[in-house]
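Report on the following structure.
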Amino acid sequence: MSNRRKPYTRADYRSTFLRSPAWLARRARWFRRQAYLRRPLVCAACGMPATSRELELHHLDYAGVRRVGDGWQAFERHDDLVPLHPYCHGLLHFYLERDEGLAYHRSRRVASAIALNIVRARMLRTTETS
């Protein structure tokens, strides 16, 4: 099992699921729940406040994602989704894909946690030098 992204031409998840009504509804439910819990919207990597339009949700686990016939189901647990700015999300995937240990030898949840800590440290260094 690999934590690397598939090439876009073979990435049915990215090309169809992330544009599906099931995912868009699940994403909206995630943000509504955050509001209900009175949790501020902040990027999990850089800690900067953001709006729901400015954030992407990273999957720690795909257990709730299923393809059913021509459609999709999105029943991820609330804590399986992590809010990230697109730039931070891209950095997280960069580390997930480039590090052999993270790409192949860890569960996605553990690999994502390690990569998120790397991105946080990088963001902290960037803000300290500017």
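Residues in the structure tokens are numbered from 1 in each chain, the chains being A, B, ... in the order shown, and ligands are numbered from 1 in the order shown.
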
Residues within 12 Å of A:Trp23, only C-alpha atoms, excluding chain neighbours under 6 positions, as an MDAnalysis selection string: chainID A and resid 13:17 29:30 56:57 59 64:67 71:76 81

Write the selection just made, keeping N, CA and C atoms, as a short mmCIF file (atom, residue, chain, number, x, y, z; two decimals), in the first residue's frame?
```cif
data_model
loop_
_atom_site.label_atom_id
_atom_site.label_comp_id
_atom_site.auth_asym_id
_atom_site.auth_seq_id
_atom_site.Cartn_x
_atom_site.Cartn_y
_atom_site.Cartn_z
N TYR A 13 -10.22 9.12 -7.65
CA TYR A 13 -10.57 9.80 -6.40
C TYR A 13 -10.49 11.32 -6.59
N ARG A 14 -9.38 11.79 -7.13
CA ARG A 14 -9.20 13.24 -7.29
C ARG A 14 -10.04 13.80 -8.43
N SER A 15 -10.18 13.05 -9.50
CA SER A 15 -10.89 13.60 -10.66
C SER A 15 -12.40 13.52 -10.52
N THR A 16 -12.91 12.55 -9.76
CA THR A 16 -14.37 12.45 -9.64
C THR A 16 -14.87 12.62 -8.21
N PHE A 17 -14.26 11.95 -7.24
CA PHE A 17 -14.77 12.03 -5.87
C PHE A 17 -14.74 13.44 -5.32
N ARG A 29 -20.81 19.57 5.68
CA ARG A 29 -21.15 19.08 7.02
C ARG A 29 -19.98 19.25 7.98
N TRP A 30 -18.76 19.02 7.48
CA TRP A 30 -17.58 19.16 8.34
C TRP A 30 -17.47 20.60 8.84
N GLU A 56 -8.76 23.38 2.39
CA GLU A 56 -9.02 22.06 1.85
C GLU A 56 -9.03 21.09 3.03
N LEU A 57 -9.65 19.94 2.86
CA LEU A 57 -9.67 18.94 3.92
C LEU A 57 -8.83 17.74 3.50
N HIS A 59 -7.59 13.94 4.04
CA HIS A 59 -8.08 12.68 4.60
C HIS A 59 -6.95 11.96 5.34
N GLY A 64 -14.24 5.92 5.15
CA GLY A 64 -15.62 6.30 4.86
C GLY A 64 -15.89 6.61 3.40
N VAL A 65 -14.85 6.50 2.53
CA VAL A 65 -15.02 6.82 1.12
C VAL A 65 -15.27 5.53 0.35
N ARG A 66 -16.39 5.49 -0.36
CA ARG A 66 -16.72 4.29 -1.13
C ARG A 66 -17.29 4.69 -2.49
N ARG A 67 -16.92 3.91 -3.46
CA ARG A 67 -17.54 4.07 -4.78
C ARG A 67 -18.70 3.09 -4.86
N GLY A 71 -21.71 6.42 -8.53
CA GLY A 71 -21.57 7.52 -7.58
C GLY A 71 -20.61 7.20 -6.46
N TRP A 72 -20.57 8.08 -5.50
CA TRP A 72 -19.67 7.97 -4.36
C TRP A 72 -20.45 8.12 -3.07
N GLN A 73 -19.89 7.58 -2.00
CA GLN A 73 -20.39 7.81 -0.65
C GLN A 73 -19.26 8.42 0.15
N ALA A 74 -19.59 9.35 1.02
CA ALA A 74 -18.57 10.03 1.84
C ALA A 74 -19.05 10.02 3.29
N PHE A 75 -18.57 9.03 4.05
CA PHE A 75 -18.96 8.90 5.45
C PHE A 75 -17.74 8.92 6.37
N GLU A 76 -16.78 9.79 6.05
CA GLU A 76 -15.59 9.89 6.88
C GLU A 76 -15.96 10.37 8.28
N LEU A 81 -10.67 14.16 9.00
CA LEU A 81 -10.46 15.26 8.06
C LEU A 81 -9.72 16.39 8.75
#
```

Strand (DSSP E) call set, DSSP backbone run, chain A, as a PyMOL selection string: chain A and resi 56-59+65-68+71-74+81-84

From a DSSP pass on the backbone, collect the residues of stretch 33-126 of chain A flagged as alpha helix (DSSP H) and hand them back as an mmCIF file with N, CA and C atoms, in the first residue's frame.
```cif
data_model
loop_
_atom_site.group_PDB
_atom_site.id
_atom_site.type_symbol
_atom_site.label_atom_id
_atom_site.label_comp_id
_atom_site.auth_asym_id
_atom_site.auth_seq_id
_atom_site.Cartn_x
_atom_site.Cartn_y
_atom_site.Cartn_z
ATOM 1 N N ARG A 33 -20.190 21.453 11.355
ATOM 2 C CA ARG A 33 -19.894 20.861 12.668
ATOM 3 C C ARG A 33 -18.843 21.685 13.405
ATOM 4 N N GLN A 34 -17.844 22.159 12.693
ATOM 5 C CA GLN A 34 -16.840 23.024 13.315
ATOM 6 C C GLN A 34 -17.502 24.266 13.903
ATOM 7 N N ALA A 35 -18.430 24.848 13.148
ATOM 8 C CA ALA A 35 -19.145 26.040 13.630
ATOM 9 C C ALA A 35 -20.000 25.684 14.846
ATOM 10 N N TYR A 36 -20.683 24.545 14.788
ATOM 11 C CA TYR A 36 -21.522 24.105 15.903
ATOM 12 C C TYR A 36 -20.683 23.894 17.166
ATOM 13 N N PRO A 86 -4.364 25.327 0.755
ATOM 14 C CA PRO A 86 -3.887 24.555 -0.398
ATOM 15 C C PRO A 86 -2.357 24.425 -0.441
ATOM 16 N N TYR A 87 -1.642 25.499 -0.116
ATOM 17 C CA TYR A 87 -0.173 25.443 -0.115
ATOM 18 C C TYR A 87 0.333 24.441 0.927
ATOM 19 N N CYS A 88 -0.214 24.523 2.129
ATOM 20 C CA CYS A 88 0.189 23.608 3.204
ATOM 21 C C CYS A 88 -0.188 22.170 2.864
ATOM 22 N N HIS A 89 -1.347 21.988 2.249
ATOM 23 C CA HIS A 89 -1.800 20.661 1.834
ATOM 24 C C HIS A 89 -0.842 20.088 0.786
ATOM 25 N N GLY A 90 -0.423 20.932 -0.145
ATOM 26 C CA GLY A 90 0.548 20.502 -1.149
ATOM 27 C C GLY A 90 1.873 20.102 -0.525
ATOM 28 N N LEU A 91 2.337 20.877 0.464
ATOM 29 C CA LEU A 91 3.583 20.529 1.165
ATOM 30 C C LEU A 91 3.450 19.195 1.895
ATOM 31 N N LEU A 92 2.318 18.989 2.552
ATOM 32 C CA LEU A 92 2.092 17.727 3.259
ATOM 33 C C LEU A 92 2.208 16.562 2.288
ATOM 34 N N HIS A 93 1.558 16.681 1.117
ATOM 35 C CA HIS A 93 1.645 15.607 0.131
ATOM 36 C C HIS A 93 3.041 15.480 -0.451
ATOM 37 N N PHE A 94 3.765 16.579 -0.565
ATOM 38 C CA PHE A 94 5.145 16.522 -1.025
ATOM 39 C C PHE A 94 5.957 15.602 -0.112
ATOM 40 N N TYR A 95 5.829 15.796 1.195
ATOM 41 C CA TYR A 95 6.576 14.955 2.136
ATOM 42 C C TYR A 95 6.051 13.518 2.147
ATOM 43 N N LEU A 96 4.748 13.342 2.034
ATOM 44 C CA LEU A 96 4.180 11.986 1.991
ATOM 45 C C LEU A 96 4.711 11.207 0.789
ATOM 46 N N GLU A 97 4.910 11.897 -0.313
ATOM 47 C CA GLU A 97 5.302 11.223 -1.545
ATOM 48 C C GLU A 97 6.807 11.082 -1.705
ATOM 49 N N ARG A 98 7.581 11.980 -1.127
ATOM 50 C CA ARG A 98 9.035 11.972 -1.347
ATOM 51 C C ARG A 98 9.804 11.128 -0.337
ATOM 52 N N GLU A 100 10.477 7.842 1.563
ATOM 53 C CA GLU A 100 10.173 6.410 1.413
ATOM 54 C C GLU A 100 9.456 5.850 2.638
ATOM 55 N N GLY A 101 9.898 6.246 3.827
ATOM 56 C CA GLY A 101 9.272 5.758 5.053
ATOM 57 C C GLY A 101 7.821 6.170 5.167
ATOM 58 N N LEU A 102 7.527 7.387 4.755
ATOM 59 C CA LEU A 102 6.148 7.870 4.811
ATOM 60 C C LEU A 102 5.318 7.317 3.660
ATOM 61 N N ALA A 103 5.938 7.155 2.509
ATOM 62 C CA ALA A 103 5.206 6.713 1.323
ATOM 63 C C ALA A 103 4.796 5.250 1.420
ATOM 64 N N TYR A 104 5.629 4.403 2.008
ATOM 65 C CA TYR A 104 5.363 2.963 1.956
ATOM 66 C C TYR A 104 5.315 2.238 3.293
ATOM 67 N N ARG A 108 -1.433 5.466 6.581
ATOM 68 C CA ARG A 108 -1.699 6.826 6.098
ATOM 69 C C ARG A 108 -1.879 7.789 7.261
ATOM 70 N N ARG A 109 -2.555 7.357 8.306
ATOM 71 C CA ARG A 109 -2.796 8.224 9.465
ATOM 72 C C ARG A 109 -1.469 8.618 10.122
ATOM 73 N N VAL A 110 -0.598 7.659 10.355
ATOM 74 C CA VAL A 110 0.700 7.941 10.996
ATOM 75 C C VAL A 110 1.576 8.773 10.063
ATOM 76 N N ALA A 111 1.610 8.398 8.779
ATOM 77 C CA ALA A 111 2.419 9.150 7.813
ATOM 78 C C ALA A 111 1.947 10.592 7.715
ATOM 79 N N SER A 112 0.623 10.803 7.715
ATOM 80 C CA SER A 112 0.084 12.167 7.646
ATOM 81 C C SER A 112 0.463 12.973 8.885
ATOM 82 N N ALA A 113 0.422 12.342 10.059
ATOM 83 C CA ALA A 113 0.779 13.045 11.297
ATOM 84 C C ALA A 113 2.251 13.465 11.271
ATOM 85 N N ILE A 114 3.116 12.573 10.808
ATOM 86 C CA ILE A 114 4.545 12.896 10.726
ATOM 87 C C ILE A 114 4.776 14.010 9.711
ATOM 88 N N ALA A 115 4.157 13.881 8.529
ATOM 89 C CA ALA A 115 4.319 14.905 7.492
ATOM 90 C C ALA A 115 3.767 16.254 7.965
ATOM 91 N N LEU A 116 2.648 16.235 8.686
ATOM 92 C CA LEU A 116 2.075 17.481 9.207
ATOM 93 C C LEU A 116 3.035 18.146 10.188
ATOM 94 N N ASN A 117 3.701 17.368 11.025
ATOM 95 C CA ASN A 117 4.690 17.933 11.947
ATOM 96 C C ASN A 117 5.872 18.540 11.190
ATOM 97 N N ILE A 118 6.283 17.916 10.094
ATOM 98 C CA ILE A 118 7.374 18.458 9.273
ATOM 99 C C ILE A 118 6.947 19.794 8.669
ATOM 100 N N VAL A 119 5.718 19.850 8.151
ATOM 101 C CA VAL A 119 5.215 21.090 7.549
ATOM 102 C C VAL A 119 5.102 22.180 8.612
ATOM 103 N N ARG A 120 4.598 21.828 9.796
ATOM 104 C CA ARG A 120 4.498 22.820 10.886
ATOM 105 C C ARG A 120 5.869 23.391 11.221
ATOM 106 N N ALA A 121 6.871 22.512 11.335
ATOM 107 C CA ALA A 121 8.229 22.969 11.656
ATOM 108 C C ALA A 121 8.768 23.875 10.555
ATOM 109 N N ARG A 122 8.494 23.524 9.306
ATOM 110 C CA ARG A 122 8.953 24.357 8.198
ATOM 111 C C ARG A 122 8.267 25.718 8.232
ATOM 112 N N MET A 123 6.971 25.729 8.501
ATOM 113 C CA MET A 123 6.239 26.998 8.573
ATOM 114 C C MET A 123 6.760 27.862 9.721
ATOM 115 N N LEU A 124 7.081 27.227 10.837
ATOM 116 C CA LEU A 124 7.604 27.963 11.986
ATOM 117 C C LEU A 124 8.943 28.599 11.641
ATOM 118 N N ARG A 125 9.812 27.838 10.965
ATOM 119 C CA ARG A 125 11.108 28.383 10.544
ATOM 120 C C ARG A 125 10.922 29.542 9.566
ATOM 121 N N THR A 126 9.949 29.420 8.667
ATOM 122 C CA THR A 126 9.693 30.470 7.685
ATOM 123 C C THR A 126 9.228 31.755 8.352
#
```

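Atom CA of A:Phe31 is positioned 11.8 Å from atom CA of A:Glu54.
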
Length of the atom CA of A:Asp70 to atom CA of A:Ser20 vector [Å]: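 Result for atom CA of A:Asp70 versus atom CA of A:Ser20: 10.6 Å, one decimal.
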
From A:Arg27, A:Pro49, A:Leu41, A:Pro21, residue lying nearest A:Asp80 [only C-alpha atoms]: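 Selected residue with least distance to A:Asp80: A:Arg27.
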
Distance in Å - atom CA of A:Ala50 versus atom CA of A:His85: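 Atom CA of A:His85 lies 8.0 Å from atom CA of A:Ala50.
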
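Shortest atom-to-atom contact with A:His58 among A:Ala28, A:Cys46, A:Val82, A:Leu18: A:Val82, counting only C-alpha atoms.
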